[in-house]
Each structure stands twice: as C-alpha cells, then as structure tokens.
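So the structure is just underneath, and the comments pick up after that.
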Amino acid sequence: MKIAVVGATGLVGSEILKVLEERNFPVTELIPVASERSVGKQVTFKGKQFTVVSFEDAIKAKPAIAIFSAGGGTSLKLAPAFAEAGITVVDNSSAWRMDPSKKLVVPEINATSLTPEDKIIANPNCSTIQMVVVLNPLHKRYKIKRVVVSTYQSVTGTGKAAVDQLYNERSGNQAAEKVYPHQIDLNVLPHIDVFLDNGYTKEEMKMVNETKKIMGDDTIHVTATTVRIPTIGGHSEAVNIEFENDYDLKEVVDILEKEEGVIVQDDPKNFVYPMPLTAHGKDEVFVGRIRRDESQPNTLNLWIVADNLRKGAATNAVQIAEYLAENKLV
C-alpha cells in the first residue's frame, strides 16, 4: 500500500514514520512530502533513505492514504486536492475537526463510523484523545454529566522551536528565539493557543467541543484549563468526572484495566502513578490516582498521561490508517 506522509520532516511527521515502522504497517511505497524548502531532503524509513517530494508529485503518485501533519492552513488548502484524486486523508491539524461533514476519530471509540466515502478524516487534538479514551468506557457504564479538566502539557506540543526554547533557556541562552510570550524553563504558562472572546483559549475549547463530537453526546458538559509546562515526554491531565449514576471504585478500575489502549498505574503507596517520563515513547494512555471526589456525590478524580506525539498524534493517525486498510475502506 502506497502511503504519503505530508509534513514528513516535522516533529509529528518524523514520529509518524517511526510509528508506521514500529507497527509494521504494510507500506509498499513511502512518499514523504513537505513544503518546497524541504523538497529534496532525505528521511529514513526502515533503514532506507527516501527523498522528500512536493505536494503535486505526491498527488500524481496516487497513494492510498495520505497522513497529514503540516498545519491547519496547509490542510485546508491541500487535503481537498488529495481527496479529489481519490486519496484518503488522515489529517492531524485542527482544520477539519469540527466540520460537521467530517468524522473526528479515535479508533477505540468511533472507527466503526468510517466508510469508503470518508476521504478526509480528522485526527483529534492530543489532549482530547488521551482524555476520551479513558472517559468513553466510564460514560457507557455510568453516564457522564460533567468533566472538569486541567492539563499539564509538554512543550513538544508546540513543535521543535519550543523544545529549542526550553533547552536554550536551560543552558542560559536567553537571547535565543522564543515561541512563547514568556520563559518556559522553571515556569508554567496558563496559555495554550490563542485567547478567545469568552476568556478561554482555543485549546480549551477544542477539548470541550471535540469531546462531545467524538463521544457522540452533546449533553456532556466540559470545562478545561490548559497549561504549558517545561516537560518533554507527554501531556498530563487532572480530570474530575461527575456521573449521573453512582459508581463502585473497584469496578471503575476493572473497567479501565480491560479497556483497549489503557494501562492503569495506580499504586500510590508504592509511588506508582502515570508520569510523562515513563509514558514517553509509548502508544498507550496511562491512568492513575483513581479516587472518589469526597466533596460531592457520583464524582471521580483521576490522572491521565500519554505521549502527545504518539497516541496524541502519530499513533492515533496510524491506527486510523490501520483500520482503513484492515476493513478495505481504501
């Protein structure tokens, strides 16, 4: 199967290549794609070098699937051109997520909704993906009424320039280029993406709106505060869930332990709980600190961590591609 990776030289694009290789996706021909300034560069896949090509040449090559990670503007402009050529696009930007005509997919939750007619498929926001993987099985059992989430997000979510800023500041190079409005090393920024008129950031409203769309339930109330912290390995979330029905704590743990793609790490007496450092490089979503909220009934607290470049982006996109291939939808 011919596969194009659009944005192959970027942070997420490089991770997509790694995930395709690790999961042994049936790639018969790899087509790495990037902007004009990167055309002609080399990327490595399964020990071989591949030359980056232009968008036009990629469309002419007619891959079955194009996994996009090249930014919203590029996706809005180019994804329709790929789709019109009969190529199925899995898009990692925010461009198509809330388009009512496009599916927003986390394979463990709603991949069965996909059809051969879905030529542009949206990959959700990284912080939303890891949260809904945990929320969905609990919603099925107890019905979620309200979610309050605070995130602690890695600088890798902003890209290579943000990682460079962190390391430059850590080494004392304060004059280096900055992508954040303030220092990030030894600091915390309660600010991810742009601020909106309602006082929330775009990232916070992504979590609100995408959760409802993925889980197919507009009655779930969500409020979010998204925060950037000086870590590398992944995003962390403190999640407070109010259910319509009461729950049994042991049953909650049992449900999560049985859920595909979820690993429970919940032994606080032995200091076992999810952390970015231990989630780094892994495809699963890790959950711990599972405990009853004693301030009000039917309410649960938990802590969720996942590698935002893996399950939060590259792995989820590749899993969508796997589902398309396995079910002969491309």
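Residues in the structure tokens are named by chain (A, B, ... in the order shown) and by number from 1 within that chain; ligands are numbered from 1 in the order shown.
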List as a compact mmCIF listing (two decimals) with N, CA and C atoms, in the first residue's frame the protein and nucleic acid residues near stretch 212-228 of chain A, meaning an atom at most 7 Å away when only C-alpha atoms are counted, but skip any in the same chain fewer than 5 places from it.
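File written: result.txt
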# COMPACT_ATOMS: atom_id res chain seq x y z
N LEU A 104 -14.47 12.73 13.19
CA LEU A 104 -13.39 13.01 14.14
C LEU A 104 -13.16 11.72 14.91
N VAL A 105 -12.02 11.06 14.68
CA VAL A 105 -11.92 9.64 15.03
C VAL A 105 -10.84 9.33 16.05
N ASN A 136 -14.63 7.35 27.72
CA ASN A 136 -15.66 6.63 26.97
C ASN A 136 -16.21 5.38 27.66
N ILE A 144 -21.72 10.15 31.89
CA ILE A 144 -21.02 11.35 32.37
C ILE A 144 -21.92 12.57 32.25
N LYS A 145 -21.95 13.32 33.33
CA LYS A 145 -22.73 14.56 33.38
C LYS A 145 -21.83 15.78 33.10
N ARG A 146 -20.65 15.80 33.77
CA ARG A 146 -19.76 16.97 33.66
C ARG A 146 -18.31 16.54 33.86
N VAL A 147 -17.42 17.21 33.10
CA VAL A 147 -15.98 16.96 33.21
C VAL A 147 -15.26 18.29 33.44
N VAL A 148 -14.42 18.31 34.47
CA VAL A 148 -13.53 19.46 34.71
C VAL A 148 -12.11 18.95 34.54
N VAL A 149 -11.38 19.54 33.59
CA VAL A 149 -10.03 19.05 33.30
C VAL A 149 -9.02 20.20 33.32
N SER A 150 -7.89 19.93 33.97
CA SER A 150 -6.74 20.84 33.92
C SER A 150 -5.58 20.06 33.31
N THR A 151 -4.93 20.64 32.33
CA THR A 151 -3.85 19.93 31.64
C THR A 151 -2.49 20.48 32.03
N TYR A 152 -1.49 19.62 31.85
CA TYR A 152 -0.09 19.98 32.10
C TYR A 152 0.66 19.48 30.87
N GLN A 153 0.81 20.37 29.87
CA GLN A 153 1.18 19.91 28.54
C GLN A 153 2.64 20.17 28.17
N SER A 154 3.24 19.17 27.52
CA SER A 154 4.64 19.19 27.11
C SER A 154 4.89 20.26 26.05
N VAL A 155 6.11 20.79 26.05
CA VAL A 155 6.49 21.77 25.02
C VAL A 155 6.54 21.14 23.63
N VAL A 188 5.50 28.08 34.36
CA VAL A 188 4.26 27.44 33.92
C VAL A 188 3.42 28.52 33.22
N LEU A 189 2.93 28.20 32.02
CA LEU A 189 2.14 29.18 31.26
C LEU A 189 0.69 28.72 31.15
N PRO A 190 -0.26 29.41 31.77
CA PRO A 190 -1.67 29.01 31.67
C PRO A 190 -2.27 29.51 30.35
N HIS A 191 -1.67 29.08 29.26
CA HIS A 191 -1.96 29.70 27.96
C HIS A 191 -1.47 28.76 26.85
N ILE A 192 -2.42 28.10 26.18
CA ILE A 192 -2.08 27.26 25.02
C ILE A 192 -2.99 27.67 23.87
N GLU A 203 -7.31 26.05 22.61
CA GLU A 203 -7.02 24.68 23.05
C GLU A 203 -8.08 24.18 24.02
N GLU A 204 -8.50 25.05 24.93
CA GLU A 204 -9.52 24.67 25.91
C GLU A 204 -10.86 24.38 25.24
N MET A 207 -10.98 20.99 23.51
CA MET A 207 -11.28 19.88 24.41
C MET A 207 -12.78 19.80 24.68
Discussion item. Env of A:Gly13: 7 Å cut, atoms = only C-alpha atoms, seq-sep filter 6 positions within chain, self excluded. Answer as a PyMOL selection string.
Written reply: chain A and resi 5+7+69
Dump as a PDB file, in the first residue's frame, selection limited to N, CA, C and O atoms:
ATOM      1  N   VAL A   5       3.252  10.653   3.690  1.00  0.00           N
ATOM      2  CA  VAL A   5       3.290  11.360   4.978  1.00  0.00           C
ATOM      3  C   VAL A   5       3.577  12.820   4.658  1.00  0.00           C
ATOM      4  O   VAL A   5       4.678  13.168   4.220  1.00  0.00           O
ATOM      5  N   GLY A   7       4.272  16.532   5.610  1.00  0.00           N
ATOM      6  CA  GLY A   7       4.901  17.140   6.791  1.00  0.00           C
ATOM      7  C   GLY A   7       5.898  16.179   7.398  1.00  0.00           C
ATOM      8  O   GLY A   7       6.118  16.162   8.608  1.00  0.00           O
ATOM      9  N   SER A  69       0.402  16.055   8.569  1.00  0.00           N
ATOM     10  CA  SER A  69       0.780  16.756   9.795  1.00  0.00           C
ATOM     11  C   SER A  69       1.590  17.974   9.392  1.00  0.00           C
ATOM     12  O   SER A  69       2.785  18.072   9.654  1.00  0.00           O
TER      13      SER A  69
END
Practice prompt. Just the residues within 10 Å of A:Val39, please, counting only C-alpha atoms, with nothing from its chain fewer than 6 positions along; format it as a PyMOL selection string.
Written response: chain A and resi 9+32-33+51-55
Could the residues in this selection be saved with N, CA and C atoms as a PDB file, in the first residue's frame?
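Listing of out20.pdb after writing:
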ATOM      1  N   THR A   9       9.047  15.980   7.549  1.00  0.00           N
ATOM      2  CA  THR A   9      10.276  16.443   8.187  1.00  0.00           C
ATOM      3  C   THR A   9      10.029  17.105   9.541  1.00  0.00           C
ATOM      4  N   PRO A  32       7.354  10.550   1.221  1.00  0.00           N
ATOM      5  CA  PRO A  32       7.467  11.663   2.175  1.00  0.00           C
ATOM      6  C   PRO A  32       7.235  12.989   1.458  1.00  0.00           C
ATOM      7  N   VAL A  33       6.413  13.837   2.071  1.00  0.00           N
ATOM      8  CA  VAL A  33       6.003  15.090   1.426  1.00  0.00           C
ATOM      9  C   VAL A  33       6.261  16.245   2.386  1.00  0.00           C
ATOM     10  N   THR A  51      13.500  10.306  -0.562  1.00  0.00           N
ATOM     11  CA  THR A  51      13.593  11.728  -0.912  1.00  0.00           C
ATOM     12  C   THR A  51      12.241  12.401  -0.756  1.00  0.00           C
ATOM     13  N   VAL A  52      12.241  13.541  -0.086  1.00  0.00           N
ATOM     14  CA  VAL A  52      11.014  14.323   0.117  1.00  0.00           C
ATOM     15  C   VAL A  52      10.585  14.927  -1.218  1.00  0.00           C
ATOM     16  N   VAL A  53       9.280  14.790  -1.503  1.00  0.00           N
ATOM     17  CA  VAL A  53       8.744  15.303  -2.769  1.00  0.00           C
ATOM     18  C   VAL A  53       7.724  16.412  -2.499  1.00  0.00           C
ATOM     19  N   SER A  54       7.312  17.082  -3.575  1.00  0.00           N
ATOM     20  CA  SER A  54       6.341  18.169  -3.466  1.00  0.00           C
ATOM     21  C   SER A  54       4.926  17.611  -3.364  1.00  0.00           C
ATOM     22  N   PHE A  55       3.998  18.484  -2.986  1.00  0.00           N
ATOM     23  CA  PHE A  55       2.588  18.091  -2.889  1.00  0.00           C
ATOM     24  C   PHE A  55       2.057  17.605  -4.239  1.00  0.00           C
TER      25      PHE A  55
END
At a cut-off of 6 Å, using only C-alpha atoms, what residues contact A:Val287? Leave out same-chain residues fewer than 4 positions from it and give the result as a PDB file with all heavy atoms, in the first residue's frame.
ATOM      1  N   VAL A 264      -3.562   0.952  33.564  1.00  0.00           N
ATOM      2  CA  VAL A 264      -3.782   1.505  34.903  1.00  0.00           C
ATOM      3  C   VAL A 264      -2.470   1.416  35.686  1.00  0.00           C
ATOM      4  O   VAL A 264      -1.873   0.349  35.804  1.00  0.00           O
ATOM      5  CB  VAL A 264      -4.914   0.750  35.638  1.00  0.00           C
ATOM      6  CG1 VAL A 264      -5.037   1.240  37.079  1.00  0.00           C
ATOM      7  CG2 VAL A 264      -6.238   0.923  34.901  1.00  0.00           C
ATOM      8  N   GLN A 265      -2.022   2.553  36.199  1.00  0.00           N
ATOM      9  CA  GLN A 265      -0.854   2.635  37.092  1.00  0.00           C
ATOM     10  C   GLN A 265      -1.322   3.338  38.360  1.00  0.00           C
ATOM     11  O   GLN A 265      -1.288   4.570  38.446  1.00  0.00           O
ATOM     12  CB  GLN A 265       0.288   3.409  36.427  1.00  0.00           C
ATOM     13  CG  GLN A 265       0.876   2.730  35.210  1.00  0.00           C
ATOM     14  CD  GLN A 265       1.978   3.548  34.561  1.00  0.00           C
ATOM     15  OE1 GLN A 265       1.946   4.770  34.560  1.00  0.00           O
ATOM     16  NE2 GLN A 265       2.961   2.866  33.986  1.00  0.00           N
ATOM     17  N   TRP A 303      -6.010  10.815  37.085  1.00  0.00           N
ATOM     18  CA  TRP A 303      -4.839  11.471  36.474  1.00  0.00           C
ATOM     19  C   TRP A 303      -4.485  10.687  35.216  1.00  0.00           C
ATOM     20  O   TRP A 303      -4.304   9.474  35.267  1.00  0.00           O
ATOM     21  CB  TRP A 303      -3.701  11.457  37.490  1.00  0.00           C
ATOM     22  CG  TRP A 303      -2.373  11.968  37.054  1.00  0.00           C
ATOM     23  CD1 TRP A 303      -1.260  11.214  36.774  1.00  0.00           C
ATOM     24  CD2 TRP A 303      -1.971  13.331  36.910  1.00  0.00           C
ATOM     25  NE1 TRP A 303      -0.200  12.039  36.463  1.00  0.00           N
ATOM     26  CE2 TRP A 303      -0.607  13.340  36.539  1.00  0.00           C
ATOM     27  CE3 TRP A 303      -2.643  14.550  37.065  1.00  0.00           C
ATOM     28  CZ2 TRP A 303       0.097  14.521  36.304  1.00  0.00           C
ATOM     29  CZ3 TRP A 303      -1.940  15.736  36.832  1.00  0.00           C
ATOM     30  CH2 TRP A 303      -0.592  15.707  36.460  1.00  0.00           C
ATOM     31  N   ILE A 304      -4.427  11.376  34.082  1.00  0.00           N
ATOM     32  CA  ILE A 304      -4.211  10.731  32.792  1.00  0.00           C
ATOM     33  C   ILE A 304      -2.951  11.284  32.142  1.00  0.00           C
ATOM     34  O   ILE A 304      -2.755  12.502  32.087  1.00  0.00           O
ATOM     35  CB  ILE A 304      -5.415  10.971  31.852  1.00  0.00           C
ATOM     36  CG1 ILE A 304      -6.710  10.447  32.478  1.00  0.00           C
ATOM     37  CG2 ILE A 304      -5.180  10.321  30.492  1.00  0.00           C
ATOM     38  CD1 ILE A 304      -7.956  10.891  31.738  1.00  0.00           C
TER      39      ILE A 304
END
Worksheet entry | Test item, alpha helix (DSSP H) assignment across stretch 98-248 of chain A, answer as a ChimeraX atom specification | /A:107-110,126-142,160-170,202-215
Discussion item. Excluding stretch 16-23 of chain A and its own-chain neighbours fewer than 4 positions away, which residues fall within 12 Å of it when counting only C-alpha atoms? Please give them as a PyMOL selection string.
Written reply: chain A and resi 3-12+27-28+30-33+43-50+66-69+90-92+281-283+309-322
Worksheet item: So which residues touch A:Asp248 within 12 Å, counting only C-alpha atoms, skipping near sequence neighbours fewer than 5 positions away, as a list in words?
Response: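 Final neighbour list, sorted by chain and number: Leu138, Arg141, Tyr142, Phe243, Val253, Asp254, Ile255, Ile290, Arg291, Arg292, Asn298, Thr299 and Leu300 of chain A.
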Those same residues - N, CA and C atoms - I'd like them written as a CSV table (one decimal), in the first residue's frame.
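Written file, selection37.csv:
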chain,number,residue,atom,x,y,z
A,138,LEU,N,-16.2,4.7,30.8
A,138,LEU,CA,-16.9,5.1,32.0
A,138,LEU,C,-18.2,5.7,31.7
A,141,ARG,N,-20.9,3.1,31.1
A,141,ARG,CA,-21.4,2.4,32.3
A,141,ARG,C,-22.2,3.3,33.2
A,142,TYR,N,-21.7,4.6,33.4
A,142,TYR,CA,-22.3,5.4,34.5
A,142,TYR,C,-22.9,6.7,33.9
A,243,PHE,N,-20.7,11.8,37.4
A,243,PHE,CA,-21.6,10.9,36.7
A,243,PHE,C,-23.1,11.2,37.1
A,253,VAL,N,-11.9,0.7,38.2
A,253,VAL,CA,-10.6,0.2,37.9
A,253,VAL,C,-10.6,-1.0,37.0
A,254,ASP,N,-11.6,-1.9,37.3
A,254,ASP,CA,-11.7,-3.1,36.5
A,254,ASP,C,-12.1,-2.7,35.0
A,255,ILE,N,-13.0,-1.7,34.8
A,255,ILE,CA,-13.4,-1.3,33.5
A,255,ILE,C,-12.2,-0.7,32.8
A,290,ILE,N,-6.7,7.2,40.9
A,290,ILE,CA,-8.2,7.0,40.8
A,290,ILE,C,-8.8,7.0,42.2
A,291,ARG,N,-9.6,8.0,42.4
A,291,ARG,CA,-10.2,8.1,43.8
A,291,ARG,C,-11.5,8.9,43.7
A,292,ARG,N,-12.3,8.7,44.7
A,292,ARG,CA,-13.6,9.3,44.8
A,292,ARG,C,-13.4,10.8,45.2
A,298,ASN,N,-21.3,11.0,43.3
A,298,ASN,CA,-21.2,10.5,42.0
A,298,ASN,C,-20.0,11.1,41.2
A,299,THR,N,-18.9,11.5,41.9
A,299,THR,CA,-17.9,12.2,41.2
A,299,THR,C,-16.5,11.5,41.5
A,300,LEU,N,-15.7,11.4,40.4
A,300,LEU,CA,-14.4,10.7,40.4
A,300,LEU,C,-13.3,11.6,40.0
Fill in: Contacts of A:Leu166 within 12 Å, only C-alpha atoms, excl. fewer than 4 positions in-chain, as a PyMOL selection string
chain A and resi 154-156+158-162+170-174+176-180+182-188+228-232
Practice prompt. Just list the residues in stretch 191-225 of chain A DSSP gives strand (DSSP E) on the backbone, as a list in words.
Written response: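 The strand (DSSP E) subset of stretch 191-225 of chain A is His221, Val222, Thr223, Ala224 and Thr225 of chain A.
Here atom CA of A:Asp307 stands at a distance of 28.3 Å from atom CA of A:Val330.
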